[in-house]
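Source file input.cif; content: mmCIF, C-alpha atoms.
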```
data_input
loop_
_atom_site.group_PDB
_atom_site.id
_atom_site.type_symbol
_atom_site.label_atom_id
_atom_site.label_comp_id
_atom_site.auth_asym_id
_atom_site.auth_seq_id
_atom_site.Cartn_x
_atom_site.Cartn_y
_atom_site.Cartn_z
ATOM 1 C CA MET A 1 34.443 -30.665 -22.661
ATOM 2 C CA SER A 2 34.936 -28.074 -19.937
ATOM 3 C CA PHE A 3 38.307 -26.512 -19.270
ATOM 4 C CA PHE A 4 38.480 -27.577 -15.617
ATOM 5 C CA GLN A 5 36.900 -30.711 -14.216
ATOM 6 C CA PHE A 6 36.205 -29.921 -10.579
ATOM 7 C CA ASN A 7 36.111 -32.889 -8.233
ATOM 8 C CA ALA A 8 37.317 -33.761 -4.736
ATOM 9 C CA ALA A 9 40.793 -34.730 -5.958
ATOM 10 C CA ALA A 10 41.185 -31.442 -7.848
ATOM 11 C CA ALA A 11 40.032 -29.503 -4.773
ATOM 12 C CA MET A 12 42.564 -31.374 -2.613
ATOM 13 C CA LEU A 13 45.369 -30.666 -5.097
ATOM 14 C CA ILE A 14 44.490 -26.963 -5.182
ATOM 15 C CA PHE A 15 44.444 -26.918 -1.382
ATOM 16 C CA LEU A 16 47.896 -28.565 -1.359
ATOM 17 C CA ILE A 17 49.249 -25.980 -3.804
ATOM 18 C CA ILE A 18 47.970 -23.182 -1.546
ATOM 19 C CA LEU A 19 49.340 -24.907 1.558
ATOM 20 C CA GLY A 20 52.679 -25.388 -0.188
ATOM 21 C CA TYR A 21 52.763 -21.722 -1.155
ATOM 22 C CA PHE A 22 52.121 -20.463 2.370
ATOM 23 C CA SER A 23 54.545 -22.958 3.919
ATOM 24 C CA HIS A 24 57.192 -22.161 1.263
ATOM 25 C CA ASN A 25 57.440 -25.813 0.249
ATOM 26 C CA ASN A 26 58.209 -26.126 -3.449
ATOM 27 C CA SER A 27 58.062 -29.940 -3.389
ATOM 28 C CA ILE A 28 54.383 -29.882 -2.416
ATOM 29 C CA ILE A 29 53.608 -27.115 -4.924
ATOM 30 C CA ILE A 30 55.328 -28.876 -7.829
ATOM 31 C CA SER A 31 53.931 -32.316 -6.988
ATOM 32 C CA ALA A 32 50.346 -31.121 -6.620
ATOM 33 C CA ALA A 33 50.573 -28.875 -9.692
ATOM 34 C CA VAL A 34 51.948 -31.673 -11.882
ATOM 35 C CA LEU A 35 49.215 -34.044 -10.727
ATOM 36 C CA LEU A 36 46.520 -31.399 -11.219
ATOM 37 C CA LEU A 37 47.831 -30.717 -14.719
ATOM 38 C CA MET A 38 47.863 -34.440 -15.487
ATOM 39 C CA GLN A 39 44.347 -34.895 -14.098
ATOM 40 C CA GLN A 40 42.952 -32.061 -16.188
ATOM 41 C CA THR A 41 44.571 -33.051 -19.503
ATOM 42 C CA PRO A 42 44.918 -36.165 -21.648
ATOM 43 C CA LEU A 43 47.985 -36.963 -19.522
ATOM 44 C CA GLU A 44 45.441 -38.414 -17.080
ATOM 45 C CA GLN A 45 45.845 -41.749 -18.852
ATOM 46 C CA HIS A 46 49.409 -41.951 -17.452
ATOM 47 C CA ILE A 47 48.413 -41.521 -13.788
ATOM 48 C CA PRO A 48 48.031 -45.300 -13.215
ATOM 49 C CA TRP A 49 51.596 -45.785 -14.497
ATOM 50 C CA LEU A 50 52.818 -43.020 -12.177
ATOM 51 C CA GLU A 51 50.886 -44.576 -9.308
ATOM 52 C CA LYS A 52 52.498 -47.938 -9.994
ATOM 53 C CA TYR A 53 56.105 -46.789 -10.555
ATOM 54 C CA GLY A 54 56.290 -43.286 -9.064
ATOM 55 C CA LEU A 55 57.376 -44.415 -5.616
ATOM 56 C CA HIS A 56 60.221 -46.502 -7.010
ATOM 57 C CA ILE A 57 61.314 -43.691 -9.337
ATOM 58 C CA GLY A 58 61.225 -41.238 -6.427
ATOM 59 C CA ILE A 59 63.290 -43.528 -4.211
ATOM 60 C CA THR A 60 65.798 -43.932 -7.037
ATOM 61 C CA VAL A 61 66.106 -40.155 -7.509
ATOM 62 C CA LEU A 62 66.437 -39.700 -3.736
ATOM 63 C CA THR A 63 69.172 -42.353 -3.621
ATOM 64 C CA ILE A 64 71.022 -40.607 -6.455
ATOM 65 C CA GLY A 65 70.884 -37.377 -4.454
ATOM 66 C CA VAL A 66 72.202 -39.107 -1.333
ATOM 67 C CA LEU A 67 75.038 -40.821 -3.229
ATOM 68 C CA SER A 68 76.079 -37.787 -5.285
ATOM 69 C CA PRO A 69 78.468 -36.368 -2.608
ATOM 70 C CA LEU A 70 80.419 -39.603 -2.948
ATOM 71 C CA VAL A 71 80.880 -39.029 -6.674
ATOM 72 C CA SER A 72 81.511 -35.284 -6.351
ATOM 73 C CA GLY A 73 84.351 -35.909 -3.917
ATOM 74 C CA LYS A 74 82.706 -34.321 -0.867
ATOM 75 C CA ILE A 75 82.900 -37.723 0.826
ATOM 76 C CA LYS A 76 86.396 -39.201 0.688
ATOM 77 C CA LEU A 77 86.633 -42.976 0.542
ATOM 78 C CA ASP A 78 90.257 -42.898 1.730
ATOM 79 C CA GLY A 79 89.363 -42.714 5.423
ATOM 80 C CA ILE A 80 86.108 -44.652 5.323
ATOM 81 C CA GLY A 81 87.639 -47.626 7.157
ATOM 82 C CA SER A 82 88.450 -45.537 10.215
ATOM 83 C CA LEU A 83 84.983 -43.962 10.062
ATOM 84 C CA LEU A 84 83.329 -47.373 10.284
ATOM 85 C CA PHE A 85 84.743 -47.819 13.765
ATOM 86 C CA ASN A 86 83.425 -44.483 14.994
ATOM 87 C CA TRP A 87 80.454 -44.947 17.360
ATOM 88 C CA LYS A 88 78.407 -42.332 15.462
ATOM 89 C CA MET A 89 78.955 -44.177 12.180
ATOM 90 C CA ILE A 90 77.992 -47.518 13.742
ATOM 91 C CA LEU A 91 74.853 -45.933 15.217
ATOM 92 C CA ALA A 92 74.074 -44.328 11.831
ATOM 93 C CA ILE A 93 74.337 -47.742 10.150
ATOM 94 C CA VAL A 94 72.039 -49.351 12.733
ATOM 95 C CA VAL A 95 69.478 -46.540 12.435
ATOM 96 C CA GLY A 96 69.712 -46.711 8.626
ATOM 97 C CA ILE A 97 68.980 -50.442 8.713
ATOM 98 C CA PHE A 98 66.037 -49.886 11.069
ATOM 99 C CA VAL A 99 64.545 -47.096 8.939
ATOM 100 C CA ALA A 100 64.936 -49.145 5.739
ATOM 101 C CA TRP A 101 63.167 -52.038 7.471
ATOM 102 C CA LEU A 102 60.394 -49.668 8.623
ATOM 103 C CA GLY A 103 60.020 -48.340 5.082
ATOM 104 C CA GLY A 104 59.623 -51.902 3.799
ATOM 105 C CA ARG A 105 56.883 -52.540 6.337
ATOM 106 C CA GLY A 106 55.300 -49.259 5.257
ATOM 107 C CA VAL A 107 55.156 -50.271 1.599
ATOM 108 C CA THR A 108 53.542 -53.571 2.591
ATOM 109 C CA LEU A 109 50.956 -51.837 4.799
ATOM 110 C CA MET A 110 50.106 -49.217 2.178
ATOM 111 C CA SER A 111 49.658 -51.944 -0.446
ATOM 112 C CA ALA A 112 47.421 -54.002 1.822
ATOM 113 C CA HIS A 113 45.365 -51.056 3.135
ATOM 114 C CA PRO A 114 45.278 -48.237 0.558
ATOM 115 C CA SER A 115 42.723 -46.274 2.627
ATOM 116 C CA ILE A 116 45.425 -45.624 5.240
ATOM 117 C CA ILE A 117 47.393 -43.621 2.669
ATOM 118 C CA THR A 118 45.025 -40.643 3.073
ATOM 119 C CA GLY A 119 45.787 -40.291 6.774
ATOM 120 C CA LEU A 120 49.496 -40.749 6.190
ATOM 121 C CA LEU A 121 49.466 -38.079 3.488
ATOM 122 C CA ILE A 122 47.576 -35.614 5.656
ATOM 123 C CA GLY A 123 50.025 -36.185 8.500
ATOM 124 C CA THR A 124 53.038 -35.895 6.208
ATOM 125 C CA ILE A 125 51.722 -32.733 4.559
ATOM 126 C CA ALA A 126 51.046 -31.200 7.981
ATOM 127 C CA GLY A 127 54.584 -32.104 9.015
ATOM 128 C CA VAL A 128 56.001 -30.557 5.850
ATOM 129 C CA ALA A 129 53.833 -27.448 5.985
ATOM 130 C CA PHE A 130 53.975 -26.628 9.681
ATOM 131 C CA PHE A 131 57.114 -28.304 11.058
ATOM 132 C CA LYS A 132 59.555 -27.772 8.164
ATOM 133 C CA GLY A 133 59.698 -31.506 7.461
ATOM 134 C CA VAL A 134 60.428 -33.188 4.156
ATOM 135 C CA PRO A 135 57.912 -35.350 2.301
ATOM 136 C CA VAL A 136 59.689 -38.670 2.747
ATOM 137 C CA GLY A 137 57.604 -39.471 5.793
ATOM 138 C CA PRO A 138 54.733 -41.611 4.458
ATOM 139 C CA LEU A 139 56.810 -44.774 4.123
ATOM 140 C CA ILE A 140 58.381 -44.464 7.540
ATOM 141 C CA ALA A 141 55.061 -43.392 9.058
ATOM 142 C CA ALA A 142 53.388 -46.431 7.476
ATOM 143 C CA GLY A 143 56.161 -48.647 8.837
ATOM 144 C CA MET A 144 55.706 -47.222 12.329
ATOM 145 C CA LEU A 145 51.946 -47.585 11.984
ATOM 146 C CA SER A 146 52.386 -51.223 10.950
ATOM 147 C CA LEU A 147 54.416 -51.849 14.122
ATOM 148 C CA ILE A 148 51.703 -50.243 16.240
ATOM 149 C CA LEU A 149 48.913 -52.117 14.461
ATOM 150 C CA SER A 150 50.777 -55.428 14.774
ATOM 151 C CA ARG A 151 50.610 -55.018 18.574
ATOM 152 C CA PHE A 152 46.805 -54.920 18.365
ATOM 153 C CA ASN A 153 46.419 -57.977 16.095
#
```

Could you show the structure in this file as structure tokens?
Amino acid sequence: MSFFQFNAAAAMLIFLIILGYFSHNNSIIISAAVLLLMQQTPLEQHIPWLEKYGLHIGITVLTIGVLSPLVSGKIKLDGIGSLLFNWKMILAIVVGIFVAWLGGRGVTLMSAHPSIITGLLIGTIAGVAFFKGVPVGPLIAAGMLSLILSRFN
């Protein structure tokens, strides 16, 4: 058995690590490096499990990060009632509902058409690398794409 099994996926992961390095994006570097390590070792057998549950685990970790200021005391619940009647808070709630709905459409589209994921990933990585974005875009991008595609069907 050779030390490194070179294939298209490995080449893409190496490219992502390099892109992450030059764009100073540790999330891309860590993600691609972990997947490359898994692909090149016996951990490869766990990739289907990660593929199946990774998105849900990631959303859970992201939600924990978003809720943590509530627990740390940075967000005070005492005045939350008055905040709910602020126009910015109402708009934030509406936008949050819309984005969650888009994300749901995105999951459905990505499940139904897995080949679309490649384009979404390339676009998201370009957004992260060149426009200082964060890699939460594929779900929302897929949701927006599903809206666009639904207009053509």

List as number ranges by chain: which residues have an atom within 9 Å of (56.7, -38.5, 8.6), counting all atoms listed in the file? A: 120-121, 123-125, 127-128, 133-142

Using Å and a single decimal, report how far atom CA of Leu35 of chain A sits from atom CA of Leu13 of chain A.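 So the answer is 7.6 Å.
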
Residue with smallest distance to Leu55 of chain A - pool A:Leu149, A:Ile75, A:Val99, A:Met110, counting only C-alpha atoms: A:Met110

Go ahead and compute the interatomic distance for atom CA of Ala92 of chain A and atom CA of Ile148 of chain A, in Å to one decimal.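 Computing the Euclidean distance for atom CA of Ala92 of chain A and atom CA of Ile148 of chain A yields 23.6 Å.
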
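Nearest to Ser150 of chain A of all the residues A:Gln40, A:Leu109, A:Trp49, A:Pro114 is A:Leu109, counting all atoms listed in the file.
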
Measuring between all atoms listed in the file, which one of A:Ala8, A:Leu62, A:Leu67, A:Ala129 shows the shortest distance to His24 of chain A? A:Ala129

Best match for closeness to Gly119 of chain A among A:Gly65, A:Leu145, A:Ile59, A:Gly96, counting only C-alpha atoms: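 Of A:Gly65, A:Leu145, A:Ile59, A:Gly96, the one nearest Gly119 of chain A is A:Leu145, counting only C-alpha atoms.
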
Among listed residues A:Phe4, A:Phe98, A:Phe15, A:Phe85, nearest Thr41 of chain A (using all atoms listed in the file): A:Phe4

Taking all atoms of segment 16-27 of chain A that the file lists and extending 6 Å past them on each side, where is the centre of the axis-aligned box and how long are its edges? Answer in Å to one decimal, as AutoDock Vina command-line options.
```
--center_x 53.1 --center_y -25.2 --center_z 0.1 --size_x 22.3 --size_y 21.5 --size_z 19.7
```

May I ask which of the residues A:Leu16, A:Ala9, A:Leu147, A:Val66 is the closest one to Met38 of chain A, counting only C-alpha atoms? A:Ala9

Would you mind reading off the distance between atom CA of Lys74 of chain A and atom CA of Asn25 of chain A, one decimal, in Å? 26.7 Å
